[in-house]
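K.L.:
Handing you a structure now.
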Amino acid sequence: MSEVANGMIAYSSNANTDYLMHILGLQYVNDVLTQLAVKEHEPLYPIVSAIYIPTQLMEEKSLTKKETLTALRDMDMTEYRERAVTIHENWVEHPLTKEEKAKALKMLNMDFQKVWSDRLIRASTNNYISILEKLNSKNYFSEDVHKYLDPVMEQLMLNPKNQEWLKHAGQKGGSTAFVLTLAAYAEDKKGNQTEIAFFANDLNTMEQLKLSNSMNSFQLKFLTDEGFRMRLKKELSELPNSKGNS
(Lines give C-alpha, C1' and ligand atoms only; values in the text may rest on other atoms or scores of the structure.)
Protein backbone atom coordinates (compact mmCIF):
# COMPACT_ATOMS: atom_id res chain seq x y z
CA MET A 1 0.00 0.00 0.00
CA SER A 2 2.90 2.36 0.71
CA GLU A 3 4.05 1.94 -2.90
CA VAL A 4 0.60 3.00 -4.11
CA ALA A 5 0.77 6.12 -1.93
CA ASN A 6 4.32 6.83 -3.11
CA GLY A 7 3.18 6.66 -6.72
CA MET A 8 0.28 8.99 -6.01
CA ILE A 9 2.61 11.67 -4.58
CA ALA A 10 5.79 11.19 -6.62
CA TYR A 11 4.19 10.63 -10.03
CA SER A 12 0.76 12.24 -9.56
CA SER A 13 -0.90 8.95 -10.44
CA ASN A 14 -4.64 9.54 -10.57
CA ALA A 15 -5.24 5.79 -10.81
CA ASN A 16 -3.36 5.30 -7.53
CA THR A 17 -5.46 8.05 -5.95
CA ASP A 18 -8.72 6.43 -7.02
CA TYR A 19 -7.50 3.04 -5.81
CA LEU A 20 -6.75 4.45 -2.35
CA MET A 21 -10.21 6.04 -2.28
CA HIS A 22 -11.63 2.59 -2.96
CA ILE A 23 -9.52 0.84 -0.30
CA LEU A 24 -9.99 3.45 2.42
CA GLY A 25 -13.59 4.34 1.55
CA LEU A 26 -14.63 7.58 -0.14
CA GLN A 27 -16.64 8.79 2.86
CA TYR A 28 -13.68 8.19 5.17
CA VAL A 29 -11.38 10.18 2.87
CA ASN A 30 -13.83 13.09 2.72
CA ASP A 31 -14.22 12.97 6.52
CA VAL A 32 -10.52 13.82 6.80
CA LEU A 33 -11.32 17.29 5.42
CA THR A 34 -13.65 17.84 8.37
CA GLN A 35 -11.07 16.49 10.81
CA LEU A 36 -8.51 18.96 9.43
CA ALA A 37 -11.04 21.83 9.66
CA VAL A 38 -10.82 22.46 5.91
CA LYS A 39 -14.07 24.26 5.14
CA GLU A 40 -13.79 25.46 1.53
CA HIS A 41 -12.75 22.21 -0.12
CA GLU A 42 -15.12 20.49 -2.54
CA PRO A 43 -15.94 16.80 -1.92
CA LEU A 44 -13.45 14.34 -3.36
CA TYR A 45 -14.56 11.84 -5.99
CA PRO A 46 -12.79 9.39 -8.35
CA ILE A 47 -11.34 11.53 -11.13
CA VAL A 48 -10.15 8.79 -13.48
CA SER A 49 -13.64 7.33 -13.83
CA ALA A 50 -14.94 10.84 -14.60
CA ILE A 51 -13.05 10.61 -17.89
CA TYR A 52 -15.57 7.96 -18.95
CA ILE A 53 -18.65 10.12 -18.32
CA PRO A 54 -18.75 11.50 -21.91
CA THR A 55 -18.75 7.96 -23.35
CA GLN A 56 -21.41 6.84 -20.88
CA LEU A 57 -23.55 9.88 -21.66
CA MET A 58 -23.26 9.43 -25.42
CA GLU A 59 -24.27 5.76 -25.25
CA GLU A 60 -26.97 6.26 -22.65
CA LYS A 61 -28.79 9.03 -24.52
CA SER A 62 -27.74 8.27 -28.11
CA LEU A 63 -26.10 11.69 -28.50
CA THR A 64 -23.70 13.01 -31.08
CA LYS A 65 -20.28 14.11 -29.89
CA LYS A 66 -21.34 17.76 -30.06
CA GLU A 67 -24.54 17.06 -28.12
CA THR A 68 -22.57 15.09 -25.55
CA LEU A 69 -20.24 18.02 -24.96
CA THR A 70 -23.21 20.35 -24.44
CA ALA A 71 -24.91 17.91 -22.06
CA LEU A 72 -21.69 17.47 -20.12
CA ARG A 73 -21.20 21.22 -19.74
CA ASP A 74 -24.81 21.59 -18.53
CA MET A 75 -24.60 18.74 -16.01
CA ASP A 76 -24.60 19.87 -12.36
CA MET A 77 -21.74 18.79 -10.12
CA THR A 78 -23.88 16.54 -7.94
CA GLU A 79 -24.82 14.36 -10.90
CA TYR A 80 -21.28 14.53 -12.25
CA ARG A 81 -19.80 13.25 -8.97
CA GLU A 82 -22.46 10.55 -8.65
CA ARG A 83 -21.74 9.31 -12.17
CA ALA A 84 -18.00 9.25 -11.48
CA VAL A 85 -18.53 7.22 -8.29
CA THR A 86 -20.92 4.79 -9.99
CA ILE A 87 -18.52 4.24 -12.90
CA HIS A 88 -15.65 3.70 -10.47
CA GLU A 89 -17.59 1.14 -8.46
CA ASN A 90 -18.60 -0.68 -11.65
CA TRP A 91 -15.00 -0.79 -12.87
CA VAL A 92 -13.93 -2.48 -9.65
CA GLU A 93 -16.20 -5.42 -10.51
CA HIS A 94 -16.07 -5.17 -14.31
CA PRO A 95 -12.88 -3.52 -15.65
CA LEU A 96 -13.02 -1.98 -19.11
CA THR A 97 -11.87 -4.05 -22.02
CA LYS A 98 -9.03 -2.85 -24.22
CA GLU A 99 -11.55 -1.80 -26.87
CA GLU A 100 -13.67 0.15 -24.38
CA LYS A 101 -10.59 2.00 -23.11
CA ALA A 102 -9.60 2.93 -26.64
CA LYS A 103 -13.11 4.20 -27.37
CA ALA A 104 -13.17 6.34 -24.21
CA LEU A 105 -9.75 7.82 -24.92
CA LYS A 106 -10.78 8.65 -28.48
CA MET A 107 -13.51 10.89 -27.06
CA LEU A 108 -11.03 13.02 -25.13
CA ASN A 109 -10.32 15.91 -27.45
CA MET A 110 -9.31 19.23 -25.87
CA ASP A 111 -12.93 20.35 -25.40
CA PHE A 112 -13.76 17.29 -23.29
CA GLN A 113 -10.44 17.54 -21.45
CA LYS A 114 -11.29 21.16 -20.55
CA VAL A 115 -14.61 20.12 -19.00
CA TRP A 116 -12.85 17.35 -17.05
CA SER A 117 -10.17 19.78 -15.89
CA ASP A 118 -12.69 22.46 -14.88
CA ARG A 119 -14.64 19.92 -12.80
CA LEU A 120 -11.69 18.58 -10.83
CA ILE A 121 -11.97 19.02 -7.05
CA ARG A 122 -11.52 22.67 -6.12
CA ALA A 123 -10.21 24.36 -3.00
CA SER A 124 -8.48 27.59 -2.04
CA THR A 125 -4.78 28.21 -1.48
CA ASN A 126 -5.71 29.11 2.13
CA ASN A 127 -7.09 25.58 2.54
CA TYR A 128 -3.82 24.08 1.42
CA ILE A 129 -1.65 26.43 3.45
CA SER A 130 -3.52 25.32 6.58
CA ILE A 131 -2.72 21.67 5.76
CA LEU A 132 0.90 22.44 4.86
CA GLU A 133 1.40 24.25 8.17
CA LYS A 134 0.20 21.14 10.01
CA LEU A 135 2.63 18.97 8.07
CA ASN A 136 5.53 21.38 8.51
CA SER A 137 5.08 21.86 12.26
CA LYS A 138 5.53 18.14 13.03
CA ASN A 139 3.36 18.59 16.12
CA TYR A 140 -0.18 18.37 14.73
CA PHE A 141 -0.02 14.69 13.77
CA SER A 142 1.44 12.08 16.10
CA GLU A 143 4.96 10.68 15.70
CA ASP A 144 3.41 7.37 14.68
CA VAL A 145 1.51 9.07 11.83
CA HIS A 146 4.63 10.89 10.65
CA LYS A 147 6.51 7.57 10.61
CA TYR A 148 4.32 6.56 7.67
CA LEU A 149 3.46 10.00 6.27
CA ASP A 150 6.94 11.52 5.95
CA PRO A 151 8.46 8.86 3.64
CA VAL A 152 5.54 9.44 1.26
CA MET A 153 5.33 13.22 1.42
CA GLU A 154 9.03 14.03 1.80
CA GLN A 155 10.61 12.21 -1.10
CA LEU A 156 12.55 15.41 -1.81
CA MET A 157 14.78 14.40 1.09
CA LEU A 158 16.07 11.38 -0.81
CA ASN A 159 18.26 13.85 -2.72
CA PRO A 160 21.60 14.24 -0.87
CA LYS A 161 21.85 17.89 -1.97
CA ASN A 162 18.55 18.67 -0.25
CA GLN A 163 19.77 16.92 2.89
CA GLU A 164 22.66 19.39 3.08
CA TRP A 165 20.48 22.41 3.84
CA LEU A 166 16.97 21.14 4.61
CA LYS A 167 15.75 19.56 7.83
CA HIS A 168 12.65 18.30 6.03
CA ALA A 169 10.62 19.18 2.94
CA GLY A 170 7.63 17.80 1.09
CA GLN A 171 5.56 18.69 -1.93
CA LYS A 172 2.77 17.63 -4.24
CA GLY A 173 2.23 19.12 -7.67
CA GLY A 174 -0.55 18.61 -10.16
CA SER A 175 -1.33 19.56 -13.73
CA THR A 176 -3.66 19.21 -16.67
CA ALA A 177 -3.39 20.86 -20.08
CA PHE A 178 -4.95 23.95 -18.47
CA VAL A 179 -3.89 23.80 -14.81
CA LEU A 180 -0.67 23.84 -12.81
CA THR A 181 -0.56 23.56 -9.02
CA LEU A 182 2.06 23.17 -6.33
CA ALA A 183 1.70 22.64 -2.59
CA ALA A 184 5.00 22.48 -0.71
CA TYR A 185 6.45 22.90 2.76
CA ALA A 186 9.99 22.99 4.11
CA GLU A 187 12.11 23.69 7.15
CA ASP A 188 15.78 24.50 6.61
CA LYS A 189 18.56 23.71 9.06
CA LYS A 190 18.38 27.26 10.42
CA GLY A 191 14.81 26.60 11.57
CA ASN A 192 13.08 28.69 8.90
CA GLN A 193 9.72 27.18 7.95
CA THR A 194 8.02 27.96 4.64
CA GLU A 195 4.75 26.87 3.04
CA ILE A 196 3.84 27.50 -0.61
CA ALA A 197 0.49 26.97 -2.35
CA PHE A 198 0.42 27.96 -6.02
CA PHE A 199 -2.67 27.43 -8.19
CA ALA A 200 -2.94 28.50 -11.84
CA ASN A 201 -5.95 27.80 -14.06
CA ASP A 202 -7.13 28.52 -17.61
CA LEU A 203 -3.58 28.35 -18.96
CA ASN A 204 -2.83 28.16 -22.64
CA THR A 205 -0.18 25.77 -23.95
CA MET A 206 2.68 28.27 -23.82
CA GLU A 207 1.76 29.47 -20.33
CA GLN A 208 1.58 25.88 -19.10
CA LEU A 209 4.98 25.07 -20.57
CA LYS A 210 6.62 28.23 -19.24
CA LEU A 211 5.30 27.73 -15.71
CA SER A 212 6.19 24.04 -15.68
CA ASN A 213 9.76 24.77 -16.76
CA SER A 214 10.28 27.54 -14.20
CA MET A 215 8.51 26.07 -11.16
CA ASN A 216 11.55 24.31 -9.66
CA SER A 217 13.78 27.39 -9.91
CA PHE A 218 10.98 29.59 -8.54
CA GLN A 219 10.50 27.27 -5.59
CA LEU A 220 14.22 27.15 -4.80
CA LYS A 221 14.60 30.93 -5.01
CA PHE A 222 11.52 31.41 -2.83
CA LEU A 223 12.97 29.13 -0.17
CA THR A 224 16.49 30.54 -0.17
CA ASP A 225 16.26 34.23 -1.11
CA GLU A 226 14.59 36.51 1.45
CA GLY A 227 14.91 39.52 -0.87
CA PHE A 228 12.99 37.63 -3.56
CA ARG A 229 10.25 36.72 -1.07
CA MET A 230 9.86 40.34 0.04
CA ARG A 231 9.74 41.59 -3.57
CA LEU A 232 7.17 38.95 -4.45
CA LYS A 233 5.05 39.85 -1.43
CA LYS A 234 5.16 43.54 -2.38
CA GLU A 235 4.20 42.87 -6.00
CA LEU A 236 1.34 40.56 -5.03
CA SER A 237 -0.02 43.10 -2.54
CA GLU A 238 -0.22 45.68 -5.36
CA LEU A 239 -2.34 43.46 -7.61
CA PRO A 240 -6.04 44.42 -8.09
CA ASN A 241 -8.34 42.82 -5.48
CA SER A 242 -5.32 41.71 -3.47
CA LYS A 243 -5.71 41.55 0.31
CA GLY A 244 -1.97 41.68 0.87
CA ASN A 245 -1.61 37.98 1.58
CA SER A 246 1.35 35.97 0.35
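Naming scheme: A, B, ... for chains in displayed order of the C-alpha coordinates; residues 1 onward per chain; ligands 1 onward as shown.
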Which polymer residues have any atom within 10 Å of an atom of segment 134-151 of chain A, counting only C-alpha atoms, with same-chain residues fewer than 5 positions away left out, as a list of chain:residue names?
P.N.:
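Counting only C-alpha atoms, the residues come to A:Ser2, A:Ala5, A:Asn6, A:Leu36, A:Tyr128, A:Ile129, A:Leu156, A:Met157, A:Leu158, A:His168, A:Ala169, A:Gly170, A:Ala184, A:Tyr185, A:Ala186, A:Glu187, A:Gln193, A:Thr194, A:Glu195.
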K.L.:
Enumerate as number ranges by chain all residues of segment 33-183 of chain A assigned to helix (DSSP H, G or I) by DSSP on the backbone, naming them with the chain letters and numbers the document uses.
P.N.:
A: 33-35, 49-61, 65-74, 77-93, 98-107, 110-118, 125-137, 143-153, 155-158, 160-165
K.L.:
With distances taken over only C-alpha atoms, which of A:Ser117, A:Thr78, A:Ser49, A:Ser217 is nearest to Val92 of chain A?
P.N.:
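Using only C-alpha atoms, the shortest distance to Val92 of chain A belongs to A:Ser49.
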K.L.:
In terms of the shortest atom-to-atom distance over only C-alpha atoms, which of A:Met75, A:Met110, A:Leu24, A:Ala104 is closest to Glu59 of chain A?
P.N.:
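Using only C-alpha atoms, Glu59 of chain A sits closest to A:Ala104.
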